[in-house]
Structure formats: structure tokens, C-alpha cells
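Peer 1: Following this line is run_35.cif, made up of mmCIF, C-alpha atoms:
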```cif
data_protein
loop_
_atom_site.label_atom_id
_atom_site.label_comp_id
_atom_site.auth_asym_id
_atom_site.auth_seq_id
_atom_site.Cartn_x
_atom_site.Cartn_y
_atom_site.Cartn_z
CA MET A 340 0.00 0.00 0.00
CA GLU A 341 2.67 2.49 0.91
CA ARG A 342 5.91 2.53 -1.00
CA GLU A 343 7.99 3.60 1.94
CA ASN A 344 6.77 0.52 3.77
CA GLN A 345 7.34 -1.75 0.83
CA ILE A 346 11.10 -1.72 1.00
CA HIS A 347 11.10 -5.32 2.12
CA GLN A 348 8.86 -6.26 -0.77
CA SER A 349 10.97 -4.22 -3.19
CA VAL A 350 14.16 -5.87 -2.07
CA LYS A 351 12.61 -9.21 -2.92
CA GLY A 352 11.84 -7.87 -6.42
CA PRO A 353 14.16 -7.77 -9.43
CA HIS A 354 17.73 -7.10 -8.38
CA ILE A 355 18.48 -4.37 -10.83
CA LYS A 356 20.85 -1.81 -9.35
CA LYS A 357 21.41 1.28 -11.42
CA GLY A 358 22.09 4.95 -11.15
CA LEU A 359 18.74 6.69 -11.40
CA LEU A 360 17.88 9.95 -13.08
CA ILE A 361 15.36 11.49 -10.70
CA ILE A 362 13.31 14.60 -11.44
CA ASN A 363 11.34 16.59 -8.85
CA THR A 364 9.13 18.99 -10.76
CA GLY A 365 5.74 20.73 -10.50
CA ASN A 366 4.52 24.02 -9.04
CA GLY A 367 4.34 22.78 -5.46
CA LYS A 368 6.88 22.86 -2.71
CA GLY A 369 9.35 20.18 -1.71
CA LYS A 370 11.35 19.80 -4.93
CA THR A 371 14.66 21.10 -3.58
CA THR A 372 13.75 19.99 -0.07
CA ALA A 373 13.27 16.36 -1.11
CA ALA A 374 16.64 16.48 -2.89
CA LEU A 375 18.15 17.69 0.39
CA GLY A 376 16.48 14.75 2.12
CA VAL A 377 18.27 12.37 -0.24
CA LEU A 378 21.51 14.20 0.43
CA PHE A 379 20.95 13.71 4.16
CA ARG A 380 20.19 9.99 3.79
CA ALA A 381 23.13 9.44 1.47
CA TRP A 382 25.48 11.23 3.85
CA GLY A 383 24.18 8.90 6.57
CA ARG A 384 25.33 5.99 4.44
CA ASP A 385 28.75 7.52 3.80
CA MET A 386 27.98 8.01 0.13
CA LYS A 387 29.60 10.82 -1.82
CA VAL A 388 26.97 13.40 -2.62
CA ARG A 389 27.13 16.98 -3.90
CA MET A 390 24.71 19.64 -5.04
CA PHE A 391 25.01 22.34 -7.69
CA GLN A 392 22.44 25.11 -7.42
CA PHE A 393 21.35 27.19 -10.37
CA LEU A 394 19.90 30.72 -10.18
CA LYS A 395 20.21 30.99 -6.41
CA HIS A 396 22.68 33.69 -5.50
CA THR A 397 26.31 32.58 -5.37
CA THR A 398 26.53 33.89 -1.83
CA ALA A 399 23.31 32.18 -0.66
CA HIS A 400 23.60 31.15 2.97
CA PHE A 401 20.38 29.31 3.63
CA GLY A 402 19.81 26.43 6.05
CA GLU A 403 21.10 23.88 3.54
CA HIS A 404 24.32 25.80 2.98
CA ARG A 405 24.93 26.10 6.69
CA ALA A 406 24.25 22.40 7.32
CA ALA A 407 26.34 21.30 4.35
CA LYS A 408 29.25 23.48 5.40
CA LYS A 409 29.23 21.94 8.87
CA LEU A 410 29.30 18.45 7.35
CA GLY A 411 31.73 19.10 4.52
CA ILE A 412 29.15 18.31 1.83
CA PRO A 413 29.76 20.43 -1.28
CA ILE A 414 26.76 22.61 -2.12
CA GLN A 415 27.74 25.18 -4.68
CA ALA A 416 25.34 27.94 -5.73
CA MET A 417 26.05 30.01 -8.79
CA GLY A 418 23.57 32.64 -9.82
CA ASP A 419 22.40 36.16 -9.24
CA GLY A 420 19.20 35.40 -7.37
CA PHE A 421 17.04 35.30 -10.50
CA THR A 422 13.31 35.76 -10.02
CA TRP A 423 10.50 36.37 -12.42
CA ARG A 424 11.13 40.06 -11.86
CA SER A 425 14.74 39.83 -13.04
CA LYS A 426 15.63 42.07 -15.98
CA ASP A 427 19.29 41.29 -16.62
CA LEU A 428 18.95 37.78 -18.03
CA ALA A 429 22.36 38.03 -19.74
CA THR A 430 24.13 37.66 -16.40
CA THR A 431 21.68 35.03 -15.15
CA SER A 432 22.08 32.86 -18.22
CA ALA A 433 25.86 33.26 -18.37
CA LEU A 434 26.15 32.11 -14.76
CA ALA A 435 23.90 29.14 -15.49
CA VAL A 436 26.04 28.11 -18.47
CA GLN A 437 29.15 28.43 -16.32
CA GLN A 438 27.55 26.32 -13.58
CA TRP A 439 26.63 23.67 -16.12
CA GLU A 440 30.34 23.39 -17.01
CA ASN A 441 31.02 22.61 -13.34
CA CYS A 442 28.25 20.00 -13.33
CA LYS A 443 29.53 18.37 -16.49
CA ALA A 444 33.00 18.04 -15.05
CA ALA A 445 31.62 16.49 -11.85
CA ILE A 446 29.26 14.11 -13.69
CA LEU A 447 32.01 12.90 -16.01
CA SER A 448 34.64 12.64 -13.27
CA GLY A 449 32.79 9.67 -11.78
CA GLU A 450 33.87 10.62 -8.27
CA ASP A 451 30.42 10.94 -6.69
CA ASP A 452 27.57 8.59 -5.88
CA ILE A 453 24.84 11.23 -6.18
CA ILE A 454 24.88 14.62 -7.91
CA ILE A 455 21.99 17.05 -7.45
CA LEU A 456 21.33 19.76 -10.03
CA ASP A 457 19.02 22.11 -8.18
CA GLU A 458 16.68 24.31 -10.24
CA PHE A 459 18.42 23.08 -13.34
CA THR A 460 15.15 22.89 -15.27
CA TYR A 461 14.97 26.68 -15.66
CA PRO A 462 18.09 27.12 -17.80
CA LEU A 463 16.79 24.24 -19.90
CA HIS A 464 13.28 25.66 -20.10
CA TYR A 465 14.59 29.07 -21.15
CA GLY A 466 16.92 27.54 -23.72
CA TRP A 467 20.17 28.75 -22.15
CA ILE A 468 21.50 25.19 -22.07
CA PRO A 469 20.50 22.68 -24.79
CA VAL A 470 18.64 19.63 -23.46
CA VAL A 471 20.37 17.39 -26.04
CA GLU A 472 23.74 18.27 -24.59
CA VAL A 473 22.52 17.44 -21.10
CA LEU A 474 21.18 14.07 -22.24
CA GLU A 475 24.52 13.30 -23.92
CA VAL A 476 26.42 14.03 -20.72
CA LEU A 477 23.97 12.01 -18.60
CA GLN A 478 24.34 9.05 -20.96
CA GLN A 479 28.11 9.16 -20.53
CA ARG A 480 28.01 9.00 -16.73
CA ARG A 481 29.13 5.90 -14.87
CA PRO A 482 26.25 3.42 -14.53
CA LEU A 483 25.77 3.71 -10.76
CA LEU A 484 25.79 7.52 -10.52
CA HIS A 485 22.41 8.89 -9.42
CA VAL A 486 21.50 12.35 -10.72
CA ILE A 487 18.66 14.41 -9.25
CA ILE A 488 17.26 17.41 -11.11
CA THR A 489 14.80 19.81 -9.52
CA GLY A 490 12.64 22.69 -10.74
CA ARG A 491 9.44 23.53 -12.56
CA TYR A 492 8.89 23.06 -16.27
CA ALA A 493 11.04 19.95 -16.69
CA PRO A 494 11.44 19.50 -20.46
CA GLN A 495 9.66 16.47 -21.91
CA GLU A 496 12.87 14.99 -23.40
CA LEU A 497 14.35 14.93 -19.89
CA ILE A 498 11.22 13.32 -18.43
CA ASP A 499 11.33 10.71 -21.19
CA TYR A 500 14.90 9.81 -20.26
CA ALA A 501 14.34 9.88 -16.47
CA ASP A 502 13.79 6.83 -14.26
CA LEU A 503 11.72 8.49 -11.58
CA VAL A 504 9.66 11.65 -11.96
CA THR A 505 7.57 13.17 -9.20
CA GLU A 506 5.34 16.18 -9.53
CA MET A 507 4.88 18.29 -6.43
CA GLN A 508 1.46 19.92 -6.51
CA VAL A 509 0.11 22.73 -4.40
CA VAL A 510 -2.97 21.79 -2.42
CA LYS A 511 -2.75 24.65 0.06
CA HIS A 512 -0.12 27.35 0.31
CA PRO A 513 0.42 29.75 3.23
CA TYR A 514 1.76 32.63 1.12
CA ARG A 515 -1.04 32.60 -1.33
CA ASP A 516 -3.80 31.78 1.10
CA GLN A 517 -2.85 33.57 4.30
CA GLY A 518 -0.08 36.03 3.48
CA ILE A 519 2.47 34.24 5.64
CA ARG A 520 6.07 34.80 4.73
CA ALA A 521 8.80 32.20 4.14
CA GLN A 522 9.99 30.68 7.40
CA ALA A 523 13.70 30.13 8.06
CA GLY A 524 14.63 26.49 8.57
CA ILE A 525 11.52 25.28 6.80
CA GLU A 526 11.94 26.68 3.34
CA PHE A 527 15.43 28.12 3.11
CA MET B 1407 7.87 32.69 -11.25
CA GLU B 1408 9.56 30.24 -8.94
CA ARG B 1409 8.68 30.18 -5.29
CA GLU B 1410 12.12 29.11 -4.16
CA ASN B 1411 13.48 32.21 -5.86
CA GLN B 1412 10.82 34.44 -4.42
CA ILE B 1413 12.16 34.42 -0.92
CA HIS B 1414 13.19 38.03 -1.29
CA GLN B 1415 9.72 38.93 -2.48
CA SER B 1416 8.13 36.94 0.30
CA VAL B 1417 10.24 38.62 2.95
CA LYS B 1418 8.88 41.94 1.72
CA GLY B 1419 5.35 40.59 2.16
CA PRO B 1420 3.28 40.53 5.34
CA HIS B 1421 5.46 39.85 8.35
CA ILE B 1422 3.42 37.09 9.87
CA LYS B 1423 5.60 34.57 11.62
CA LYS B 1424 3.87 31.46 12.82
CA GLY B 1425 4.39 27.78 13.38
CA LEU B 1426 3.10 26.00 10.32
CA LEU B 1427 1.26 22.73 10.06
CA ILE B 1428 2.70 21.19 6.91
CA ILE B 1429 1.37 18.07 5.21
CA ASN B 1430 3.19 16.09 2.52
CA THR B 1431 0.70 13.67 1.04
CA GLY B 1432 -0.14 11.91 -2.23
CA ASN B 1433 0.87 8.63 -3.84
CA GLY B 1434 4.19 9.87 -5.18
CA LYS B 1435 7.60 9.82 -3.64
CA GLY B 1436 9.34 12.53 -1.64
CA LYS B 1437 6.94 12.91 1.28
CA THR B 1438 9.28 11.63 3.98
CA THR B 1439 12.31 12.75 1.99
CA ALA B 1440 11.14 16.37 1.86
CA ALA B 1441 10.54 16.27 5.62
CA LEU B 1442 14.13 15.09 6.00
CA GLY B 1443 15.23 18.02 3.85
CA VAL B 1444 13.54 20.40 6.28
CA LEU B 1445 15.22 18.59 9.15
CA PHE B 1446 18.58 19.10 7.41
CA ARG B 1447 17.96 22.81 6.80
CA ALA B 1448 16.71 23.36 10.33
CA TRP B 1449 19.73 21.60 11.78
CA GLY B 1450 21.86 23.95 9.67
CA ARG B 1451 20.20 26.85 11.45
CA ASP B 1452 20.70 25.33 14.89
CA MET B 1453 17.00 24.81 15.35
CA LYS B 1454 15.68 22.00 17.53
CA VAL B 1455 14.11 19.39 15.30
CA ARG B 1456 12.99 15.83 15.88
CA MET B 1457 11.15 13.14 13.96
CA PHE B 1458 8.75 10.43 15.10
CA GLN B 1459 8.19 7.64 12.61
CA PHE B 1460 5.06 5.54 12.54
CA LEU B 1461 4.77 2.00 11.13
CA LYS B 1462 8.45 1.75 10.21
CA HIS B 1463 10.12 -0.93 12.26
CA THR B 1464 11.41 0.20 15.65
CA THR B 1465 14.85 -1.07 14.71
CA ALA B 1466 14.91 0.62 11.27
CA HIS B 1467 18.43 1.68 10.41
CA PHE B 1468 18.01 3.51 7.12
CA GLY B 1469 20.09 6.40 5.80
CA GLU B 1470 18.11 8.94 7.81
CA HIS B 1471 18.64 7.03 11.07
CA ARG B 1472 22.35 6.75 10.44
CA ALA B 1473 22.70 10.44 9.57
CA ALA B 1474 20.56 11.55 12.50
CA LYS B 1475 22.52 9.40 14.92
CA LYS B 1476 25.78 10.96 13.78
CA LEU B 1477 24.33 14.44 14.32
CA GLY B 1478 22.43 13.78 17.53
CA ILE B 1479 19.05 14.54 15.95
CA PRO B 1480 16.32 12.40 17.54
CA ILE B 1481 14.59 10.19 14.97
CA GLN B 1482 12.50 7.62 16.72
CA ALA B 1483 10.75 4.83 14.81
CA MET B 1484 8.09 2.75 16.49
CA GLY B 1485 6.33 0.10 14.50
CA ASP B 1486 6.50 -3.42 13.21
CA GLY B 1487 7.22 -2.66 9.58
CA PHE B 1488 3.57 -2.59 8.58
CA THR B 1489 2.79 -3.07 4.90
CA TRP B 1490 -0.41 -3.73 3.03
CA ARG B 1491 0.40 -7.41 3.42
CA SER B 1492 0.45 -7.20 7.23
CA LYS B 1493 -2.03 -9.44 9.02
CA ASP B 1494 -1.45 -8.60 12.68
CA LEU B 1495 -2.91 -5.11 12.82
CA ALA B 1496 -3.43 -5.34 16.59
CA THR B 1497 0.30 -4.95 17.18
CA THR B 1498 0.67 -2.33 14.45
CA SER B 1499 -2.12 -0.17 15.79
CA ALA B 1500 -1.03 -0.55 19.42
CA LEU B 1501 2.47 0.62 18.53
CA ALA B 1502 1.03 3.58 16.61
CA VAL B 1503 -1.09 4.61 19.58
CA GLN B 1504 1.94 4.32 21.84
CA GLN B 1505 4.02 6.43 19.43
CA TRP B 1506 1.27 9.06 19.37
CA GLU B 1507 1.63 9.33 23.16
CA ASN B 1508 5.33 10.17 22.63
CA CYS B 1509 4.41 12.74 19.98
CA LYS B 1510 1.81 14.37 22.21
CA ALA B 1511 4.30 14.74 25.03
CA ALA B 1512 6.88 16.29 22.68
CA ILE B 1513 4.36 18.64 21.04
CA LEU B 1514 3.04 19.85 24.37
CA SER B 1515 6.49 20.14 25.99
CA GLY B 1516 7.28 23.11 23.76
CA GLU B 1517 10.95 22.18 23.63
CA ASP B 1518 11.32 21.84 19.87
CA ASP B 1519 11.16 24.18 16.89
CA ILE B 1520 10.04 21.52 14.42
CA ILE B 1521 8.44 18.14 15.03
CA ILE B 1522 7.96 15.70 12.16
CA LEU B 1523 5.32 12.97 12.38
CA ASP B 1524 6.34 10.62 9.60
CA GLU B 1525 3.65 8.39 8.05
CA PHE B 1526 1.27 9.62 10.70
CA THR B 1527 -1.61 9.77 8.22
CA TYR B 1528 -2.02 5.99 8.19
CA PRO B 1529 -3.03 5.54 11.84
CA LEU B 1530 -5.46 8.41 11.27
CA HIS B 1531 -6.76 6.96 8.02
CA TYR B 1532 -7.31 3.54 9.61
CA GLY B 1533 -9.01 5.07 12.64
CA TRP B 1534 -6.46 3.90 15.22
CA ILE B 1535 -6.00 7.48 16.44
CA PRO B 1536 -8.92 9.95 16.35
CA VAL B 1537 -8.29 13.00 14.16
CA VAL B 1538 -10.19 15.25 16.60
CA GLU B 1539 -7.72 14.39 19.33
CA VAL B 1540 -4.80 15.24 17.04
CA LEU B 1541 -6.34 18.58 16.15
CA GLU B 1542 -6.85 19.37 19.83
CA VAL B 1543 -3.19 18.67 20.60
CA LEU B 1544 -2.01 20.68 17.59
CA GLN B 1545 -4.14 23.63 18.69
CA GLN B 1546 -2.53 23.54 22.12
CA ARG B 1547 1.04 23.70 20.80
CA ARG B 1548 3.14 26.81 21.26
CA PRO B 1549 2.51 29.29 18.42
CA LEU B 1550 5.92 29.02 16.76
CA LEU B 1551 6.20 25.23 16.70
CA HIS B 1552 6.17 23.84 13.16
CA VAL B 1553 4.67 20.38 12.73
CA ILE B 1554 5.16 18.31 9.58
CA ILE B 1555 2.98 15.29 8.86
CA THR B 1556 3.70 12.88 6.02
CA GLY B 1557 1.86 9.99 4.37
CA ARG B 1558 -0.89 9.11 1.94
CA TYR B 1559 -4.59 9.56 2.59
CA ALA B 1560 -4.31 12.68 4.77
CA PRO B 1561 -7.76 13.12 6.36
CA GLN B 1562 -9.73 16.12 5.12
CA GLU B 1563 -10.10 17.61 8.63
CA LEU B 1564 -6.31 17.69 8.91
CA ILE B 1565 -5.95 19.30 5.48
CA ASP B 1566 -8.54 21.89 6.45
CA TYR B 1567 -6.52 22.83 9.52
CA ALA B 1568 -3.11 22.77 7.78
CA ASP B 1569 -1.20 25.82 6.54
CA LEU B 1570 0.69 24.16 3.72
CA VAL B 1571 -0.32 21.00 1.92
CA THR B 1572 1.63 19.49 -0.94
CA GLU B 1573 0.62 16.47 -2.93
CA MET B 1574 3.42 14.37 -4.37
CA GLN B 1575 2.24 12.72 -7.56
CA VAL B 1576 3.84 9.90 -9.49
CA VAL B 1577 4.73 10.84 -13.05
CA LYS B 1578 7.15 7.98 -13.63
CA HIS B 1579 8.24 5.31 -11.19
CA PRO B 1580 11.17 2.91 -11.59
CA TYR B 1581 9.60 0.04 -9.62
CA ARG B 1582 6.40 0.06 -11.49
CA ASP B 1583 7.81 0.90 -14.88
CA GLN B 1584 11.15 -0.87 -14.98
CA GLY B 1585 11.27 -3.34 -12.11
CA ILE B 1586 14.15 -1.56 -10.40
CA ARG B 1587 14.47 -2.11 -6.68
CA ALA B 1588 14.79 0.52 -3.94
CA GLN B 1589 18.25 2.08 -3.88
CA ALA B 1590 20.07 2.66 -0.60
CA GLY B 1591 20.82 6.31 0.08
CA ILE B 1592 18.12 7.47 -2.30
CA GLU B 1593 15.00 6.07 -0.76
CA PHE B 1594 15.91 4.67 2.60
#
```
Produce C-alpha cells that represent the structure in this file.

Peer 2:
Amino acid sequence: MERENQIHQSVKGPHIKKGLLIINTGNGKGKTTAALGVLFRAWGRDMKVRMFQFLKHTTAHFGEHRAAKKLGIPIQAMGDGFTWRSKDLATTSALAVQQWENCKAAILSGEDDIIILDEFTYPLHYGWIPVVEVLEVLQQRRPLLHVIITGRYAPQELIDYADLVTEMQVVKHPYRDQGIRAQAGIEF
Amino acid sequence: MERENQIHQSVKGPHIKKGLLIINTGNGKGKTTAALGVLFRAWGRDMKVRMFQFLKHTTAHFGEHRAAKKLGIPIQAMGDGFTWRSKDLATTSALAVQQWENCKAAILSGEDDIIILDEFTYPLHYGWIPVVEVLEVLQQRRPLLHVIITGRYAPQELIDYADLVTEMQVVKHPYRDQGIRAQAGIEF
């Protein structure tokens, strides 16, 4: 009935072990947060995990950055804090392209067990980085490397190639419904 | 455009600070995982956070338990590994009721900043714990305490009372679609 309680069943299932391409998309919350949950679990199992963040400001110092710094987990943000109000997309897109170069190097180096590309769907959606190139790089990764991509508007070609895609949907939202602001520790 | 990039906007919005009741529900993945992401962020901000797990076996030693142990974050599972194949629901439900007593004490103690009740929706859904009682306890908590509840079939009364509800939906699932088994570090 519940997947998270079916681990024992699953383990009895086919013994295919492979690096998954996981996508957390949709308009709801929890896309980045769930990726951080994986990072936490993986760290608990002494796996090598790292996160590259797109768009978020290079100097971002949110809860995840603080926690990761304490634990020596690399979380690297590169962006100018892009929002839908941003005007200077030249800088935003250049930083995204530069960050993708870092990701490529990490993916192809084969040194990690899990690599998270946070809010990576936006540069793809806006056409700053070609999806075909991303698929090529993902296909070249070592077979057991898991890659997690988060963000809205995941391109269909990426979804087609992915192993696991979850859509986070808003049922009820405190900002929209009650005018409550973002709470430290919960959302950043 | 993207909520996670609208933090700066949100901070300019109404300055209401309150403890949220957050529900991660739906049939998709990422419900528990997103709660763990919050736990990670909160720990990064030196907030007091703890997790109570329902149904999962009392001796569960998944990635989250290993990570939490290393960091001194209390994650307490109490259950007999209930699945939809379970026959002995008397034990399962008794353990859930007992775990709820622990949760109540923690919620009312006011000692934490965030309390996560993982897979708590099932005992509610199956009627082992009355939803009215849960709502009463939640209403008595200190105003800044955040509570996160995860699991499928969240009861409507709980959703009505919640501040933030997200539904995780399956778009593509490796077990169902490809026969791949659960991967350590990613899902447990």
C-alpha cells in the first residue's frame, strides 16, 4: 500500500541496481527539499553526494548551505538570485552556463555517488542550455551515478529519459492563502 | 515565477511569523524525503528538530537514522514494519497509539522548533488514532512550533486545519515501470 513501507517487498523484487535519473518537478513545494532529504540519507550511508544550485545567488547562505558546510558536503550555488522580476537575463544565463560546465565536469569525473542539479530545469526551459547536450552528458556517466534534477517546467525529453519523476502539486499554500512569509529552517 | 526564488519577495510581504502545520501527502515519492530536507535545513540553522516515525520498524536503520545518529538529531521509529500485506494489525495499531503518546508529550512540551510525524496519516486513516484528538493537541502547541505530517490519505479535517499541503504525484516510477528495486541512500 505504501511505498515507503514496501522496502522489504521491493528488495525481494528484481535485483536491478542502477544509477537513477530522478526529477522533482511541478509548481508545489518540496522539490529542492526532497533532494536535500536524499543528500541527508546518502550522507548517513557515507555516500559521496554533492549539489550544484542554479539561479540561487552565489553567496546564498540558507539552512542547507549552513548544514552542508558543517558536514563538509559540497553545495555550490552560482547565480544572481534570479526571479521572475529579473531584468538582466544576460548575467543570469551566463552564470547558469558556467555552472553547467562545473556540473559536467563532476558528472564525467565519476567521483560521486549522487549529484543534485538544483533548479536546473529553468536554464533548460529558457533555452540557455541545450537539453540534447545534457542528455549526452547524462548518458556518458558511470552506470551507478544517481543524478537528481529539480525545478518547474522539466522538459519532456528529460522526463522521457528519467527513471523516476515526481510532480509536487500545491494543495494549500500559506503565502497565497494567508499572506504568511517564508519561514527560516523550513523553506530556506 | 519560482517560489524558491521568491524568498526576497516573500520577505517583503506581510510579516506574519507562525508555526506551520505542513502536510506532505499523495501517492508519489518525496513525502518523507522532503521532511528530511527540512530537518537538514533546520539543523543547519541550529533549530531544535525531531522526527517520530510511525509503522516503520522500531529497529529501522536507514540512511536517515544513520545520519541523525551521527548528528544527535532524535529520529525515533516505532512500529513493526507494517505493509499492506500485514495481518497482525493489533500490534501495528497498538504501537502507533503508543508512538502518538510520545508525539503528544513532545508537542506539548514546547521544547522543539520543528516536530515531524512521519507516516502519521495511516493511523489516522485507519481510525487507530482519532483526528479530533490530534487537532486538539495541535491547537494547544506553542505558536511558533512547526509540525510536519507525512503519508498518503491525509484526512480532510487535517488538510482543512493545515497551513501548507503538498501532494506528491507519481509521473514515472522505476519500480512500477522498470522493475528496479529501492536504492540505498536514495529512498531509505

Peer 1: So how far away is atom CA of Leu1426 of chain B from atom CA of Trp1506 of chain B, in Å?

Peer 2: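 Rounded to one decimal, the two atoms are 19.3 Å apart.
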
Peer 1: Between B:Met1574, B:Leu1544, B:Ala1473, B:Leu1442, which is the closest to Ala1511 of chain B once you count all atoms listed in the file?

Peer 2: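 Closest to Ala1511 of chain B of all the choices is B:Leu1544.
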
Peer 1: Run through the PyMOL selection byres ((chain B and resi 1465) around 9) on the given coordinates and return the selected residues as a list in words.

Peer 2: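 Those residues are Lys1462, His1463, Thr1464, Ala1466, His1467, Ala1483, Met1484, Gly1485 and Asp1486 of chain B.
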
Peer 1: Could you turn the residues from that selection into a file that holds C-alpha atoms, as a short mmCIF file (atom, residue, chain, number, x, y, z; two decimals), in the coordinates of the input?

Peer 2:
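This is the output file out26.cif:
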```
data_model
loop_
_atom_site.label_atom_id
_atom_site.label_comp_id
_atom_site.auth_asym_id
_atom_site.auth_seq_id
_atom_site.Cartn_x
_atom_site.Cartn_y
_atom_site.Cartn_z
CA LYS B 1462 8.45 1.75 10.21
CA HIS B 1463 10.12 -0.93 12.26
CA THR B 1464 11.41 0.20 15.65
CA ALA B 1466 14.91 0.62 11.27
CA HIS B 1467 18.43 1.68 10.41
CA ALA B 1483 10.75 4.83 14.81
CA MET B 1484 8.09 2.75 16.49
CA GLY B 1485 6.33 0.10 14.50
CA ASP B 1486 6.50 -3.42 13.21
#
```

Peer 1: So which residues get picked by the PyMOL selection byres ((chain B) within 6 of (chain A)) here, written as a ChimeraX atom specification?

Peer 2: /B:1407,1411,1416-1417,1420,1422,1436,1439-1440,1442-1444,1447-1448,1450-1451,1469-1470,1472-1473,1489-1490,1569-1580,1585-1587,1591-1592

Peer 1: Check what the PyMOL selection byres ((chain A and resi 481) around 9) selects in the file above and give those residues as JSON, numbers by chain.

Peer 2: {"A": [358, 446, 447, 448, 449, 477, 478, 479, 480, 482, 483, 484]}

Peer 1: Do you have the atom CA of Ile1522 of chain B-atom CA of Phe1458 of chain B distance handy?

Peer 2: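 Between atom CA of Ile1522 of chain B and atom CA of Phe1458 of chain B the gap is 6.1 Å.
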
Peer 1: Between atom CA of Gln1482 of chain B and atom CA of Trp1534 of chain B, what is the distance in Å, rounded to a tenth?

Peer 2: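 Atom-to-atom, atom CA of Gln1482 of chain B and atom CA of Trp1534 of chain B are spaced 19.4 Å apart.
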
Peer 1: Which polymer residues have any atom within 6 Å of an atom of Arg1456 of chain B, counting all atoms listed in the file, with same-chain residues fewer than 5 positions away left out, as a PyMOL selection string?

Peer 2: chain B and resi 1480-1481+1521
